[in-house]
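Below you'll find the structure, written out as structure tokens, and then a few comments.
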Amino acid sequence: MRKFSILFTLLFLLISAESYSQNTLKKWYISGGAHAVNHPSVRGLGEGITDGDNWSLVPPLSQISVARTLNRSFAVDLQASIGEIDNKRLMIDNEFMVLVGMGLRYRFANGYILKETSWFDPYLRFGANYHRMPYRGLEFNPAVYANDGSLVSGVVDVWDDALENGEVAMNDHFALSGGLGMNFWIFPKVGLNLEVQYVGVPDIKSDYIDFWQAKAGVAFRFGKSDRDGDGIYDEDDECPDTPGLKEFNGCPDSDGDGIEDRKDECPLEYCPNGESTDEYDCVNGCKVMKEIVEVEEPEVPEIEEPVKEITFENILFNFDKFDLTESASEKVKEAAELINKQGGNYFVDGFTDGIGTEAYNMNLSKKRAQAVKDALIKEGIEANRLEVRAFGKQYPKCTNDTPEGRQCNRRVVVLERY
């Protein structure tokens, strides 16, 4: 038995080192410790399972599990258990048992039922296994007793019940298993593991060599996770469940227009910011049409011929803005001085460039003219001497085909009126 313990210890250390060196885009898990088996309690599916006399305990480092995460809910594992055990149902003592198998786990700490970061990490497990124990061809035939009551042939269990189905139990078997396990993560990557499973042998019709297995040990987790598989670790990924791009911290740009979906008002429409055609402009990833034929355009007043020439240079604005720039504020002061010198009443006319609909630009030009009027009032000009007019994108002073021309057209003009 000593040589098997040494071999098992070396196997544990080898797999631990291998797990740590694996691709850290997947979570690796390893646990190891002691286990115990219980044959009598399969009678009645768990009857007497809490009775300590039914259990045969195997020393520490007699079982090991290695698992790899598939996604937030599922993982696959490889388990191995060895040791000298007693089949207390069949009154078999100190026989060497092997149970090796692969299993599928369903984790409850998956973000749907429990938080993925929960310290309590329960799971269901189902597995397929190779099981070996030297039954040496036990024949489960009707028991035959001698006159003195001794057993001549057949097999009886610990309750003196004759086991009768005519089968022969060999040493090697295919076994299925299913059960419940749980990890208690004391530290982020170190915790305790408990697991109980039922192991059944399908080729023996009855439950004569089936058993319960309980495990306890220390568990370790290795590596960083990348749930969406985009190459960006979850701890650095702002969108950990959706494949994305490194430049957007793991968040996607579905239409490839250089605007991440969280900031793209039209995430499935390719429209890079700054792109402009005769039909539309790109704003926040969406196409803003320059003309909407169905919308009835507001009436645009004609410019009245002023008595005097323009008394003040144009006040220019930034794109889609109506707040006064620093240079515009200086021009307002100059305008106030000219108005005070000349006297009379004045129009404050607002204009825009050619981008956008007429309705939108009419409103924007009115806001620009009103901003200039308010500024002139602060400079001491009486409000009743100033009348705001809005012309939108009508009467452009410069071309709308260039950025410089559009800048020229975003203006407010102050004119003397009758």
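A note on labels: chains of the structure tokens are A, B, ... as shown, every chain counts residues from 1, and ligands are counted from 1 in their shown order.
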
#### Entry: Nearby residues (only C-alpha atoms) at most 6 Å from Ala67 in chain A, same-chain spacing under 3 positions excluded, as a ChimeraX atom specification
/A:28-29,76-77

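In the backbone-derived DSSP annotation, helix (DSSP H, G or I) within range 138-348 of chain A comprises Asp234, Glu235, Asp236, Lys246, Glu247, Phe248, Glu326, Ser327, Ala328, Ser329, Glu330, Lys331, Val332, Lys333, Glu334, Ala335, Ala336, Glu337, Leu338, Ile339, Asn340, Lys341 and Gln342 of chain A.
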
Just N, CA and C atoms for this one: save the residues we selected as a PDB file, in the first residue's frame.
ATOM      1  N   ASP A 234     -11.340  38.366 -17.926  1.00  0.00           N
ATOM      2  CA  ASP A 234     -12.569  38.930 -17.383  1.00  0.00           C
ATOM      3  C   ASP A 234     -12.310  40.113 -16.457  1.00  0.00           C
ATOM      4  N   GLU A 235     -11.218  40.064 -15.683  1.00  0.00           N
ATOM      5  CA  GLU A 235     -10.935  41.147 -14.748  1.00  0.00           C
ATOM      6  C   GLU A 235     -10.609  42.448 -15.463  1.00  0.00           C
ATOM      7  N   ASP A 236     -10.203  42.382 -16.734  1.00  0.00           N
ATOM      8  CA  ASP A 236      -9.904  43.579 -17.531  1.00  0.00           C
ATOM      9  C   ASP A 236     -10.968  43.845 -18.594  1.00  0.00           C
ATOM     10  N   LYS A 246      -9.813  44.748 -28.065  1.00  0.00           N
ATOM     11  CA  LYS A 246      -8.901  45.233 -27.036  1.00  0.00           C
ATOM     12  C   LYS A 246      -8.971  46.740 -26.890  1.00  0.00           C
ATOM     13  N   GLU A 247      -9.097  47.459 -28.028  1.00  0.00           N
ATOM     14  CA  GLU A 247      -9.111  48.916 -27.959  1.00  0.00           C
ATOM     15  C   GLU A 247     -10.345  49.464 -27.253  1.00  0.00           C
ATOM     16  N   PHE A 248     -11.384  48.630 -27.122  1.00  0.00           N
ATOM     17  CA  PHE A 248     -12.583  49.036 -26.405  1.00  0.00           C
ATOM     18  C   PHE A 248     -12.717  48.277 -25.094  1.00  0.00           C
ATOM     19  N   GLU A 326     -15.240  83.052 -27.338  1.00  0.00           N
ATOM     20  CA  GLU A 326     -14.554  84.203 -26.754  1.00  0.00           C
ATOM     21  C   GLU A 326     -14.451  85.350 -27.759  1.00  0.00           C
ATOM     22  N   SER A 327     -14.153  85.003 -29.022  1.00  0.00           N
ATOM     23  CA  SER A 327     -14.038  86.050 -30.046  1.00  0.00           C
ATOM     24  C   SER A 327     -15.398  86.682 -30.333  1.00  0.00           C
ATOM     25  N   ALA A 328     -16.475  85.856 -30.273  1.00  0.00           N
ATOM     26  CA  ALA A 328     -17.809  86.396 -30.512  1.00  0.00           C
ATOM     27  C   ALA A 328     -18.202  87.379 -29.415  1.00  0.00           C
ATOM     28  N   SER A 329     -17.820  87.085 -28.168  1.00  0.00           N
ATOM     29  CA  SER A 329     -18.140  87.992 -27.060  1.00  0.00           C
ATOM     30  C   SER A 329     -17.481  89.349 -27.254  1.00  0.00           C
ATOM     31  N   GLU A 330     -16.268  89.335 -27.802  1.00  0.00           N
ATOM     32  CA  GLU A 330     -15.587  90.608 -28.075  1.00  0.00           C
ATOM     33  C   GLU A 330     -16.326  91.402 -29.147  1.00  0.00           C
ATOM     34  N   LYS A 331     -16.831  90.669 -30.157  1.00  0.00           N
ATOM     35  CA  LYS A 331     -17.561  91.353 -31.238  1.00  0.00           C
ATOM     36  C   LYS A 331     -18.865  91.950 -30.730  1.00  0.00           C
ATOM     37  N   VAL A 332     -19.498  91.283 -29.735  1.00  0.00           N
ATOM     38  CA  VAL A 332     -20.730  91.817 -29.166  1.00  0.00           C
ATOM     39  C   VAL A 332     -20.476  93.179 -28.515  1.00  0.00           C
ATOM     40  N   LYS A 333     -19.352  93.304 -27.831  1.00  0.00           N
ATOM     41  CA  LYS A 333     -19.019  94.583 -27.204  1.00  0.00           C
ATOM     42  C   LYS A 333     -18.836  95.666 -28.268  1.00  0.00           C
ATOM     43  N   GLU A 334     -18.161  95.294 -29.378  1.00  0.00           N
ATOM     44  CA  GLU A 334     -17.975  96.253 -30.463  1.00  0.00           C
ATOM     45  C   GLU A 334     -19.319  96.665 -31.058  1.00  0.00           C
ATOM     46  N   ALA A 335     -20.217  95.672 -31.204  1.00  0.00           N
ATOM     47  CA  ALA A 335     -21.542  95.961 -31.759  1.00  0.00           C
ATOM     48  C   ALA A 335     -22.313  96.912 -30.861  1.00  0.00           C
ATOM     49  N   ALA A 336     -22.213  96.695 -29.544  1.00  0.00           N
ATOM     50  CA  ALA A 336     -22.923  97.567 -28.607  1.00  0.00           C
ATOM     51  C   ALA A 336     -22.445  99.005 -28.736  1.00  0.00           C
ATOM     52  N   GLU A 337     -21.139  99.185 -28.903  1.00  0.00           N
ATOM     53  CA  GLU A 337     -20.602 100.537 -29.063  1.00  0.00           C
ATOM     54  C   GLU A 337     -21.126 101.198 -30.343  1.00  0.00           C
ATOM     55  N   LEU A 338     -21.164 100.442 -31.455  1.00  0.00           N
ATOM     56  CA  LEU A 338     -21.662 100.991 -32.720  1.00  0.00           C
ATOM     57  C   LEU A 338     -23.138 101.353 -32.627  1.00  0.00           C
ATOM     58  N   ILE A 339     -23.926 100.472 -31.979  1.00  0.00           N
ATOM     59  CA  ILE A 339     -25.375 100.739 -31.858  1.00  0.00           C
ATOM     60  C   ILE A 339     -25.613 101.985 -31.032  1.00  0.00           C
ATOM     61  N   ASN A 340     -24.858 102.150 -29.962  1.00  0.00           N
ATOM     62  CA  ASN A 340     -25.023 103.343 -29.127  1.00  0.00           C
ATOM     63  C   ASN A 340     -24.642 104.618 -29.880  1.00  0.00           C
ATOM     64  N   LYS A 341     -23.623 104.527 -30.744  1.00  0.00           N
ATOM     65  CA  LYS A 341     -23.204 105.693 -31.520  1.00  0.00           C
ATOM     66  C   LYS A 341     -24.236 106.062 -32.569  1.00  0.00           C
ATOM     67  N   GLN A 342     -24.753 105.014 -33.292  1.00  0.00           N
ATOM     68  CA  GLN A 342     -25.645 105.269 -34.420  1.00  0.00           C
ATOM     69  C   GLN A 342     -27.086 105.497 -33.987  1.00  0.00           C
TER      70      GLN A 342
END

### Message
Can you pull out every residue from range 13-191 of chain A that DSSP, working from the backbone, puts in strand (DSSP E or B), and format the result as a PyMOL selection string?
### Response
chain A and resi 28-38+55-69+74-87+92-107+120-132+138-140+144-145+151-153+155-156+162-163+167-169+172-187+190-191

### Message
When you look at Asp207 in chain A with a cut-off of 10 Å (counting only C-alpha atoms), what residues show up, excluding the ones that are within fewer than 4 positions of it in the same chain? I need them as number ranges by chain.
### Response
A: 39-40, 42-45, 163, 199-202, 211

### Task
Using only C-alpha atoms, find the one residue out of A:His35, A:Tyr123, A:Pro134, A:Gln79 that sits nearest to Asp93 in chain A.
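Ranked by minimum distance to Asp93 in chain A, first place goes to A:Pro134.
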
### Query
For the atom pair CA of Val388 in chain A and CA of Phe322 in chain A, what is the interatomic distance in Å to one decimal place?
14.0 Å

### Residue contacts of range 143-158 of chain A (8 Å, only C-alpha atoms) excluding same-chain residues fewer than 4 positions away, as a list in words
Lys88, Arg89, Leu90, Met91, Leu138, Glu139, Ala162, Leu163 and Glu164 of chain A

### Task
Would you please work out which residue, of A:Asn284, A:Gln63, A:Asn110, A:Thr277, is nearest to Lys263 in chain A when using only C-alpha atoms?
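Going through A:Asn284, A:Gln63, A:Asn110, A:Thr277 one by one, the smallest distance to Lys263 in chain A is for A:Asn284.
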
### Message
So the first atom is CA of Asp278 in chain A and the second is CA of Ala359 in chain A; what is the distance between them in Å, to one decimal place?
### Response
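Interatomic distance, CA of Asp278 in chain A to CA of Ala359 in chain A: 18.0 Å.
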
### Query
So, counting only C-alpha atoms, which residue among A:Arg72, A:Asn94, A:Ile64, A:Gly32 is closest to Asp226 in chain A?
A:Arg72

### Message
Using only C-alpha atoms for the distances, tell me which of A:Thr402, A:Asn363, A:Ser276, A:Ser177 is nearest to Met289 in chain A.
### Response
A:Ser276

### Query
CA of Leu194 in chain A and CA of Gly217 in chain A are how many Å apart?
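Those two atoms sit 6.8 Å apart.
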
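Taking only C-alpha atoms into account, Thr117 in chain A lies nearest to A:Trp185 out of the set A:Trp55, A:Val414, A:Trp185, A:Gly178.
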